[in-house]
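File shown here: entry-v2.cif, holding mmCIF, N, CA and C atoms.
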```
data_coords
loop_
_atom_site.label_atom_id
_atom_site.label_comp_id
_atom_site.auth_asym_id
_atom_site.auth_seq_id
_atom_site.Cartn_x
_atom_site.Cartn_y
_atom_site.Cartn_z
N MET A 533 -28.51 -287.10 73.28
CA MET A 533 -28.67 -286.12 74.33
C MET A 533 -28.37 -284.74 73.75
N SER A 534 -29.17 -283.77 74.12
CA SER A 534 -29.01 -282.43 73.59
C SER A 534 -27.86 -281.67 74.21
N LEU A 535 -27.70 -281.77 75.52
CA LEU A 535 -26.72 -280.96 76.23
C LEU A 535 -25.83 -281.82 77.11
N ASP A 536 -24.60 -281.37 77.29
CA ASP A 536 -23.67 -281.99 78.24
C ASP A 536 -23.84 -281.23 79.55
N VAL A 537 -24.67 -281.76 80.43
CA VAL A 537 -25.02 -281.08 81.67
C VAL A 537 -24.05 -281.47 82.77
N SER A 538 -23.44 -280.48 83.38
CA SER A 538 -22.50 -280.74 84.47
C SER A 538 -23.27 -281.21 85.70
N PRO A 539 -22.61 -281.93 86.59
CA PRO A 539 -23.27 -282.34 87.84
C PRO A 539 -23.77 -281.12 88.65
N ALA A 540 -23.02 -280.03 88.64
CA ALA A 540 -23.44 -278.84 89.38
C ALA A 540 -24.73 -278.24 88.80
N LEU A 541 -24.83 -278.20 87.48
CA LEU A 541 -26.03 -277.66 86.86
C LEU A 541 -27.22 -278.59 87.09
N LEU A 542 -26.98 -279.87 87.03
CA LEU A 542 -28.05 -280.83 87.32
C LEU A 542 -28.52 -280.68 88.76
N GLU A 543 -27.60 -280.45 89.67
CA GLU A 543 -27.97 -280.22 91.08
C GLU A 543 -28.85 -278.99 91.21
N GLN A 544 -28.48 -277.92 90.50
CA GLN A 544 -29.32 -276.71 90.52
C GLN A 544 -30.74 -277.05 90.10
N ALA A 545 -30.85 -277.79 89.01
CA ALA A 545 -32.18 -278.14 88.49
C ALA A 545 -32.95 -279.00 89.49
N GLU A 546 -32.28 -279.90 90.15
CA GLU A 546 -32.94 -280.76 91.12
C GLU A 546 -33.40 -279.98 92.35
N ARG A 547 -32.67 -278.91 92.70
CA ARG A 547 -33.02 -278.09 93.87
C ARG A 547 -34.13 -277.09 93.54
N GLY A 548 -34.31 -276.76 92.28
CA GLY A 548 -35.33 -275.77 91.93
C GLY A 548 -34.91 -274.96 90.73
N GLU A 549 -34.90 -273.66 90.88
CA GLU A 549 -34.58 -272.75 89.77
C GLU A 549 -33.13 -272.86 89.34
N VAL A 550 -32.91 -272.74 88.06
CA VAL A 550 -31.58 -272.78 87.47
C VAL A 550 -31.18 -271.37 87.05
N ASP A 551 -29.95 -271.00 87.36
CA ASP A 551 -29.43 -269.71 86.91
C ASP A 551 -29.34 -269.75 85.39
N GLU A 552 -30.02 -268.83 84.71
CA GLU A 552 -30.05 -268.87 83.25
C GLU A 552 -28.68 -268.68 82.64
N ALA A 553 -27.81 -267.89 83.27
CA ALA A 553 -26.45 -267.72 82.74
C ALA A 553 -25.72 -269.06 82.73
N ASP A 554 -25.93 -269.87 83.75
CA ASP A 554 -25.31 -271.20 83.78
C ASP A 554 -25.88 -272.09 82.68
N PHE A 555 -27.18 -271.99 82.46
CA PHE A 555 -27.82 -272.76 81.40
C PHE A 555 -27.28 -272.33 80.03
N VAL A 556 -27.18 -271.03 79.81
CA VAL A 556 -26.66 -270.52 78.54
C VAL A 556 -25.23 -270.99 78.32
N ASP A 557 -24.43 -271.00 79.37
CA ASP A 557 -23.06 -271.49 79.25
C ASP A 557 -23.05 -272.98 78.88
N CYS A 558 -23.97 -273.74 79.44
CA CYS A 558 -24.09 -275.16 79.09
C CYS A 558 -24.44 -275.31 77.61
N VAL A 559 -25.32 -274.49 77.11
CA VAL A 559 -25.68 -274.52 75.69
C VAL A 559 -24.45 -274.16 74.85
N ARG A 560 -23.74 -273.13 75.25
CA ARG A 560 -22.55 -272.68 74.51
C ARG A 560 -21.52 -273.80 74.38
N THR A 561 -21.27 -274.51 75.46
CA THR A 561 -20.25 -275.55 75.42
C THR A 561 -20.76 -276.85 74.80
N SER A 562 -22.06 -277.11 74.90
CA SER A 562 -22.63 -278.35 74.37
C SER A 562 -22.91 -278.28 72.87
N LEU A 563 -23.24 -277.10 72.39
CA LEU A 563 -23.64 -276.92 70.99
C LEU A 563 -22.79 -275.84 70.34
N PRO A 564 -21.48 -276.06 70.24
CA PRO A 564 -20.59 -274.99 69.77
C PRO A 564 -20.87 -274.51 68.35
N TYR A 565 -21.27 -275.39 67.45
CA TYR A 565 -21.56 -274.95 66.07
C TYR A 565 -22.78 -274.02 66.07
N ALA A 566 -23.83 -274.43 66.77
CA ALA A 566 -25.04 -273.61 66.83
C ALA A 566 -24.74 -272.27 67.51
N TRP A 567 -23.96 -272.32 68.58
CA TRP A 567 -23.60 -271.10 69.30
C TRP A 567 -22.84 -270.14 68.38
N GLU A 568 -21.86 -270.66 67.68
CA GLU A 568 -21.05 -269.83 66.79
C GLU A 568 -21.90 -269.25 65.66
N MET A 569 -22.79 -270.05 65.12
CA MET A 569 -23.67 -269.58 64.05
C MET A 569 -24.51 -268.41 64.53
N ILE A 570 -25.16 -268.58 65.66
CA ILE A 570 -26.04 -267.53 66.18
C ILE A 570 -25.22 -266.31 66.59
N SER A 571 -24.09 -266.54 67.27
CA SER A 571 -23.22 -265.42 67.68
C SER A 571 -22.77 -264.60 66.48
N SER A 572 -22.37 -265.28 65.42
CA SER A 572 -21.88 -264.55 64.24
C SER A 572 -23.01 -263.79 63.56
N LEU A 573 -24.20 -264.34 63.55
CA LEU A 573 -25.33 -263.63 62.95
C LEU A 573 -25.71 -262.40 63.77
N VAL A 574 -25.65 -262.53 65.09
CA VAL A 574 -25.93 -261.39 65.96
C VAL A 574 -24.90 -260.29 65.71
N ALA A 575 -23.63 -260.67 65.60
CA ALA A 575 -22.58 -259.68 65.32
C ALA A 575 -22.80 -259.04 63.96
N GLN A 576 -23.16 -259.84 62.96
CA GLN A 576 -23.42 -259.32 61.61
C GLN A 576 -24.57 -258.32 61.64
N LEU A 577 -25.62 -258.65 62.38
CA LEU A 577 -26.77 -257.75 62.47
C LEU A 577 -26.36 -256.43 63.11
N LYS A 578 -25.54 -256.49 64.15
CA LYS A 578 -25.10 -255.27 64.82
C LYS A 578 -24.23 -254.41 63.91
N VAL A 579 -23.36 -255.04 63.13
CA VAL A 579 -22.46 -254.30 62.24
C VAL A 579 -23.20 -253.76 61.02
N ASP A 580 -23.96 -254.63 60.37
CA ASP A 580 -24.62 -254.26 59.12
C ASP A 580 -25.94 -253.53 59.31
N GLY A 581 -26.58 -253.74 60.45
CA GLY A 581 -27.90 -253.18 60.66
C GLY A 581 -28.91 -253.92 59.79
N GLY A 582 -29.98 -253.29 59.47
CA GLY A 582 -31.00 -253.91 58.63
C GLY A 582 -32.05 -254.64 59.46
N GLU A 583 -32.94 -255.31 58.73
CA GLU A 583 -34.06 -255.97 59.38
C GLU A 583 -33.70 -257.31 59.99
N PHE A 584 -32.70 -258.00 59.41
CA PHE A 584 -32.29 -259.30 59.95
C PHE A 584 -30.97 -259.71 59.34
N ALA A 585 -30.37 -260.73 59.93
CA ALA A 585 -29.17 -261.37 59.37
C ALA A 585 -29.46 -262.86 59.34
N ASP A 586 -29.05 -263.52 58.26
CA ASP A 586 -29.33 -264.96 58.18
C ASP A 586 -28.17 -265.72 57.55
N ASN A 587 -28.19 -267.01 57.77
CA ASN A 587 -27.20 -267.93 57.21
C ASN A 587 -27.91 -268.79 56.17
N GLN A 588 -27.30 -268.93 55.00
CA GLN A 588 -27.89 -269.79 53.98
C GLN A 588 -26.94 -270.91 53.57
N THR A 589 -25.84 -271.06 54.31
CA THR A 589 -24.87 -272.11 54.01
C THR A 589 -25.18 -273.34 54.85
N PRO A 590 -25.38 -274.50 54.21
CA PRO A 590 -25.67 -275.70 54.99
C PRO A 590 -24.52 -276.04 55.94
N PRO A 591 -24.82 -276.66 57.07
CA PRO A 591 -23.78 -277.07 58.00
C PRO A 591 -22.79 -278.02 57.33
N PRO A 592 -21.55 -278.08 57.83
CA PRO A 592 -20.53 -278.91 57.19
C PRO A 592 -20.75 -280.41 57.36
N ASN A 593 -21.55 -280.81 58.35
CA ASN A 593 -21.77 -282.24 58.60
C ASN A 593 -23.05 -282.43 59.41
N GLU A 594 -23.40 -283.68 59.60
CA GLU A 594 -24.65 -283.99 60.31
C GLU A 594 -24.58 -283.61 61.79
N GLN A 595 -23.40 -283.68 62.39
CA GLN A 595 -23.27 -283.29 63.79
C GLN A 595 -23.62 -281.80 63.95
N ALA A 596 -23.10 -280.98 63.06
CA ALA A 596 -23.40 -279.55 63.10
C ALA A 596 -24.88 -279.29 62.84
N ARG A 597 -25.44 -279.99 61.87
CA ARG A 597 -26.87 -279.84 61.58
C ARG A 597 -27.70 -280.22 62.81
N GLY A 598 -27.30 -281.29 63.46
CA GLY A 598 -28.00 -281.73 64.67
C GLY A 598 -27.95 -280.69 65.77
N GLN A 599 -26.83 -280.00 65.89
CA GLN A 599 -26.73 -278.95 66.90
C GLN A 599 -27.73 -277.83 66.62
N LEU A 600 -27.83 -277.42 65.37
CA LEU A 600 -28.80 -276.37 65.04
C LEU A 600 -30.22 -276.83 65.34
N LEU A 601 -30.52 -278.07 64.97
CA LEU A 601 -31.86 -278.59 65.23
C LEU A 601 -32.16 -278.63 66.73
N ARG A 602 -31.20 -279.11 67.51
CA ARG A 602 -31.43 -279.19 68.96
C ARG A 602 -31.57 -277.80 69.57
N ALA A 603 -30.75 -276.86 69.14
CA ALA A 603 -30.81 -275.51 69.70
C ALA A 603 -32.12 -274.80 69.38
N LEU A 604 -32.60 -274.98 68.17
CA LEU A 604 -33.77 -274.21 67.76
C LEU A 604 -35.09 -274.95 67.92
N ALA A 605 -35.03 -276.26 68.12
CA ALA A 605 -36.27 -277.02 68.33
C ALA A 605 -36.68 -277.04 69.79
N SER A 606 -35.76 -276.77 70.69
CA SER A 606 -36.07 -276.75 72.12
C SER A 606 -36.56 -275.36 72.52
N ASP A 607 -37.75 -275.27 73.05
CA ASP A 607 -38.26 -273.98 73.50
C ASP A 607 -37.36 -273.37 74.57
N ALA A 608 -36.86 -274.20 75.50
CA ALA A 608 -36.02 -273.68 76.58
C ALA A 608 -34.70 -273.13 76.04
N ILE A 609 -34.06 -273.89 75.15
CA ILE A 609 -32.77 -273.45 74.60
C ILE A 609 -32.97 -272.23 73.72
N ARG A 610 -33.94 -272.30 72.85
CA ARG A 610 -34.19 -271.17 71.93
C ARG A 610 -34.53 -269.90 72.71
N GLY A 611 -35.39 -270.04 73.70
CA GLY A 611 -35.76 -268.88 74.51
C GLY A 611 -34.58 -268.29 75.26
N ALA A 612 -33.74 -269.15 75.83
CA ALA A 612 -32.56 -268.67 76.56
C ALA A 612 -31.61 -267.95 75.61
N LEU A 613 -31.42 -268.49 74.40
CA LEU A 613 -30.55 -267.84 73.42
C LEU A 613 -31.12 -266.49 73.01
N GLN A 614 -32.41 -266.42 72.80
CA GLN A 614 -33.03 -265.14 72.41
C GLN A 614 -32.84 -264.10 73.50
N ARG A 615 -33.05 -264.50 74.75
CA ARG A 615 -32.88 -263.56 75.86
C ARG A 615 -31.41 -263.16 76.01
N HIS A 616 -30.51 -264.12 75.89
CA HIS A 616 -29.09 -263.84 76.05
C HIS A 616 -28.59 -262.84 75.00
N PHE A 617 -28.95 -263.08 73.75
CA PHE A 617 -28.46 -262.22 72.67
C PHE A 617 -29.36 -261.01 72.39
N GLY A 618 -30.56 -260.98 72.98
CA GLY A 618 -31.47 -259.86 72.76
C GLY A 618 -32.00 -259.79 71.34
N VAL A 619 -32.32 -260.97 70.78
CA VAL A 619 -32.85 -261.06 69.42
C VAL A 619 -34.01 -262.05 69.39
N ARG A 620 -34.66 -262.08 68.24
CA ARG A 620 -35.63 -263.14 67.96
C ARG A 620 -35.00 -264.05 66.91
N LEU A 621 -35.15 -265.34 67.10
CA LEU A 621 -34.58 -266.32 66.17
C LEU A 621 -35.66 -266.89 65.28
N ALA A 622 -35.31 -267.13 64.03
CA ALA A 622 -36.20 -267.79 63.08
C ALA A 622 -35.38 -268.89 62.39
N PHE A 623 -36.06 -269.90 61.89
CA PHE A 623 -35.35 -271.09 61.41
C PHE A 623 -36.11 -271.71 60.25
N GLN A 624 -35.37 -272.06 59.18
CA GLN A 624 -35.95 -272.76 58.03
C GLN A 624 -34.97 -273.81 57.53
N ASN A 625 -35.47 -274.91 57.06
CA ASN A 625 -34.71 -275.91 56.31
C ASN A 625 -33.45 -276.45 56.97
N CYS A 626 -33.47 -276.67 58.24
CA CYS A 626 -32.36 -277.32 58.95
C CYS A 626 -31.05 -276.55 58.93
N HIS A 627 -31.02 -275.37 58.35
CA HIS A 627 -29.79 -274.60 58.38
C HIS A 627 -29.99 -273.09 58.25
N ARG A 628 -31.09 -272.67 57.72
CA ARG A 628 -31.26 -271.23 57.53
C ARG A 628 -31.74 -270.59 58.83
N VAL A 629 -30.79 -270.16 59.60
CA VAL A 629 -31.05 -269.48 60.85
C VAL A 629 -31.04 -267.98 60.58
N ALA A 630 -31.98 -267.27 61.17
CA ALA A 630 -32.00 -265.81 61.04
C ALA A 630 -32.18 -265.19 62.42
N VAL A 631 -31.56 -264.04 62.60
CA VAL A 631 -31.74 -263.27 63.83
C VAL A 631 -32.40 -261.95 63.46
N PHE A 632 -33.39 -261.60 64.24
CA PHE A 632 -34.14 -260.36 64.05
C PHE A 632 -34.02 -259.54 65.33
N PRO A 633 -33.87 -258.24 65.22
CA PRO A 633 -33.83 -257.41 66.43
C PRO A 633 -35.20 -257.45 67.12
N LEU A 634 -35.22 -257.07 68.37
CA LEU A 634 -36.48 -257.03 69.12
C LEU A 634 -37.36 -255.86 68.70
N ASP A 635 -36.84 -254.97 67.91
CA ASP A 635 -37.55 -253.78 67.46
C ASP A 635 -38.83 -254.16 66.72
N PRO A 636 -39.97 -253.65 67.17
CA PRO A 636 -41.24 -253.97 66.51
C PRO A 636 -41.32 -253.53 65.05
N SER A 637 -40.41 -252.65 64.63
CA SER A 637 -40.45 -252.19 63.24
C SER A 637 -40.14 -253.30 62.25
N VAL A 638 -39.56 -254.42 62.70
CA VAL A 638 -39.24 -255.53 61.80
C VAL A 638 -40.24 -256.68 61.93
N ASP A 639 -41.31 -256.47 62.69
CA ASP A 639 -42.30 -257.53 62.88
C ASP A 639 -42.87 -258.05 61.56
N GLU A 640 -43.14 -257.15 60.63
CA GLU A 640 -43.70 -257.57 59.34
C GLU A 640 -42.69 -258.43 58.57
N ARG A 641 -41.42 -258.06 58.60
CA ARG A 641 -40.38 -258.85 57.92
C ARG A 641 -40.23 -260.22 58.56
N LEU A 642 -40.27 -260.28 59.88
CA LEU A 642 -40.21 -261.56 60.59
C LEU A 642 -41.42 -262.42 60.22
N ALA A 643 -42.59 -261.81 60.16
CA ALA A 643 -43.80 -262.56 59.79
C ALA A 643 -43.67 -263.13 58.37
N ARG A 644 -43.10 -262.37 57.45
CA ARG A 644 -42.90 -262.88 56.09
C ARG A 644 -41.90 -264.03 56.08
N PHE A 645 -40.82 -263.89 56.84
CA PHE A 645 -39.78 -264.93 56.89
C PHE A 645 -40.35 -266.24 57.43
N THR A 646 -41.20 -266.14 58.44
CA THR A 646 -41.71 -267.35 59.10
C THR A 646 -43.06 -267.81 58.54
N SER A 647 -43.51 -267.19 57.47
CA SER A 647 -44.81 -267.54 56.90
C SER A 647 -44.74 -268.84 56.09
N VAL A 648 -45.89 -269.39 55.81
CA VAL A 648 -45.98 -270.56 54.94
C VAL A 648 -45.38 -270.23 53.58
N ARG A 649 -45.69 -269.06 53.06
CA ARG A 649 -45.15 -268.65 51.77
C ARG A 649 -43.62 -268.58 51.82
N GLY A 650 -43.08 -267.98 52.88
CA GLY A 650 -41.64 -267.90 53.04
C GLY A 650 -40.99 -269.27 53.09
N GLN A 651 -41.63 -270.19 53.79
CA GLN A 651 -41.09 -271.55 53.86
C GLN A 651 -41.09 -272.20 52.49
N LEU A 652 -42.18 -272.06 51.76
CA LEU A 652 -42.26 -272.67 50.43
C LEU A 652 -41.25 -272.08 49.46
N LEU A 653 -41.05 -270.78 49.52
CA LEU A 653 -40.11 -270.14 48.63
C LEU A 653 -38.65 -270.48 48.96
N ASN A 654 -38.42 -270.98 50.14
CA ASN A 654 -37.06 -271.33 50.56
C ASN A 654 -36.73 -272.80 50.28
N GLN A 655 -37.57 -273.51 49.57
CA GLN A 655 -37.34 -274.92 49.26
C GLN A 655 -36.42 -275.06 48.05
N SER A 656 -35.66 -276.15 48.07
CA SER A 656 -34.85 -276.50 46.90
C SER A 656 -34.57 -278.00 46.95
N PRO A 657 -34.37 -278.62 45.80
CA PRO A 657 -34.09 -280.06 45.78
C PRO A 657 -32.86 -280.46 46.60
N GLU A 658 -31.85 -279.57 46.67
CA GLU A 658 -30.64 -279.88 47.43
C GLU A 658 -30.92 -280.04 48.92
N LEU A 659 -31.97 -279.41 49.39
CA LEU A 659 -32.28 -279.44 50.82
C LEU A 659 -33.36 -280.47 51.17
N ARG A 660 -33.69 -281.29 50.22
CA ARG A 660 -34.78 -282.25 50.41
C ARG A 660 -34.60 -283.13 51.63
N ASP A 661 -33.38 -283.58 51.90
CA ASP A 661 -33.15 -284.51 52.99
C ASP A 661 -32.50 -283.86 54.22
N CYS A 662 -32.60 -282.56 54.32
CA CYS A 662 -31.95 -281.94 55.47
C CYS A 662 -32.78 -282.16 56.72
#
```

Please re-express this file's structure in structure tokens.
Amino acid sequence: MSLDVSPALLEQAERGEVDEADFVDCVRTSLPYAWEMISSLVAQLKVDGGEFADNQTPPPNEQARGQLLRALASDAIRGALQRHFGVRLAFQNCHRVAVFPLDPSVDERLARFTSVRGQLLNQSPELRDC
């Protein structure tokens, strides 16, 4: 299961629209490693500036890796995180998460990061089974 959904949040979903802040809080508590990773990258981007901030350190265990995969593979979760933090998220190799500002001036850099070429250049034997 991707998220630990409270009965109250499930009730919201059954009744209709879900408050996105409640959904984001569910993501925060259900996927703490992924949340911390993205939060720290957003903070790094704000402090350092630049075109993007990324993580290149593999997760400490499979549970953490699974959290990143669940957070970034789900359109709903990924979209909610992007809206919450006001960034665009990019993802490579089961651990390389990057945050890009919404500023169109970095569109070319985001396109390079998410390109086929960028994916191929980010390969290494150590990440073969990630």

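Note that atom C of Ser571 of chain A and atom C of Leu601 of chain A are 16.9 Å apart.
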
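Minimum distance to Arg620 of chain A across A:Glu552, A:Asp607, A:Asp635, A:Glu543 (counting only N, CA and C atoms) occurs at A:Asp635.
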
_Within 8 Å of Phe584 of chain A using only N, CA and C atoms, minus same-chain residues under 4 positions, as an MDAnalysis selection string_ = chainID A and resid 573 576:578 580 630:633 638 641:642

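Here atom CA of Val559 of chain A and atom N of Ser534 of chain A stand 10.0 Å from one another.
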
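For the atom pair formed by atom N of Leu600 of chain A and atom CA of Thr646 of chain A, the distance is 18.3 Å, given to one decimal.
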
*Using the chain letters and numbers from this document, which residues of chain A does DSSP assign to strand (DSSP E), as a VMD selection string?*
chain A and resid 585 to 586 619 to 624 628 to 633

Around all of segment 556-567 of chain A's listed atoms, make the axis-aligned box with 3 Å on each side and tell me centre and edge lengths in Å to one decimal, as lines of an AutoDock Vina configuration file.
```
center_x = -23.7
center_y = -274.2
center_z = 72.9
size_x = 12.9
size_y = 14.2
size_z = 19.7
```

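When the PyMOL selection byres ((chain A and resi 535) around 6.5) is evaluated against the file, it yields Met533, Ser534, Asp536, Val537, Cys558, Ser562 and Leu563 of chain A.
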
*Identify all residues of chain A in helix (DSSP H, G or I) (DSSP on the backbone) and supply them as a VMD selection string.*
chain A and resid 539 to 547 552 to 562 564 to 580 594 to 605 607 to 617 636 to 645 648 to 653 657 to 659

*asked:* Is it possible to get the residues within 5 Å of (-28.4, -267.9, 58.6) (coordinates as in the file, counting only N, CA and C atoms) written as number ranges by chain?
replied: A: 586-588, 628-630

*Have a look at A:Asp639, A:Pro590, A:Val574, A:Trp567 and name the one nearest to His627 of chain A; count only N, CA and C atoms.*
A:Pro590

*If I put a ball of radius 8 Å at (-32.7, -264.1, 69.8) in the file's coordinates, which residues poke into it when counting only N, CA and C atoms, written as a PyMOL selection string?*
chain A and resi 610-622+630-634

*Which of these, A:Ser606, A:Pro564, A:Gly598, A:Glu583, has the shortest distance to Ser637 of chain A once you count only N, CA and C atoms?*
A:Glu583

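Proximity to Tyr565 of chain A was assessed for A:Ser538, A:Gln544, A:Gln599, A:Asn593 counting only N, CA and C atoms; the smallest distance is recorded for A:Gln599.
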
Please export segment 538-552 of chain A as a compact mmCIF listing (two decimals), in the first residue's frame, restricted to N, CA and C atoms.
```txt
# COMPACT_ATOMS: atom_id res chain seq x y z
N SER A 538 -6.13 7.71 6.63
CA SER A 538 -6.97 7.74 7.83
C SER A 538 -8.42 7.51 7.44
N PRO A 539 -9.23 7.03 8.37
CA PRO A 539 -10.66 6.86 8.08
C PRO A 539 -11.32 8.19 7.66
N ALA A 540 -10.90 9.30 8.26
CA ALA A 540 -11.49 10.60 7.91
C ALA A 540 -11.16 10.99 6.47
N LEU A 541 -9.93 10.74 6.05
CA LEU A 541 -9.54 11.07 4.68
C LEU A 541 -10.25 10.15 3.68
N LEU A 542 -10.38 8.90 4.04
CA LEU A 542 -11.11 7.97 3.19
C LEU A 542 -12.57 8.39 3.06
N GLU A 543 -13.15 8.86 4.15
CA GLU A 543 -14.53 9.37 4.11
C GLU A 543 -14.65 10.54 3.16
N GLN A 544 -13.68 11.46 3.23
CA GLN A 544 -13.68 12.60 2.30
C GLN A 544 -13.72 12.10 0.86
N ALA A 545 -12.85 11.14 0.56
CA ALA A 545 -12.78 10.61 -0.80
C ALA A 545 -14.09 9.95 -1.21
N GLU A 546 -14.71 9.25 -0.31
CA GLU A 546 -15.97 8.58 -0.62
C GLU A 546 -17.10 9.58 -0.85
N ARG A 547 -17.04 10.74 -0.17
CA ARG A 547 -18.07 11.77 -0.32
C ARG A 547 -17.86 12.61 -1.57
N GLY A 548 -16.65 12.66 -2.09
CA GLY A 548 -16.39 13.49 -3.26
C GLY A 548 -14.99 14.04 -3.23
N GLU A 549 -14.88 15.35 -3.33
CA GLU A 549 -13.57 16.01 -3.38
C GLU A 549 -12.81 15.89 -2.07
N VAL A 550 -11.51 15.75 -2.19
CA VAL A 550 -10.62 15.66 -1.04
C VAL A 550 -9.85 16.97 -0.90
N ASP A 551 -9.75 17.46 0.31
CA ASP A 551 -8.94 18.65 0.57
C ASP A 551 -7.49 18.29 0.29
N GLU A 552 -6.85 19.01 -0.63
CA GLU A 552 -5.48 18.66 -1.01
C GLU A 552 -4.51 18.78 0.15
```
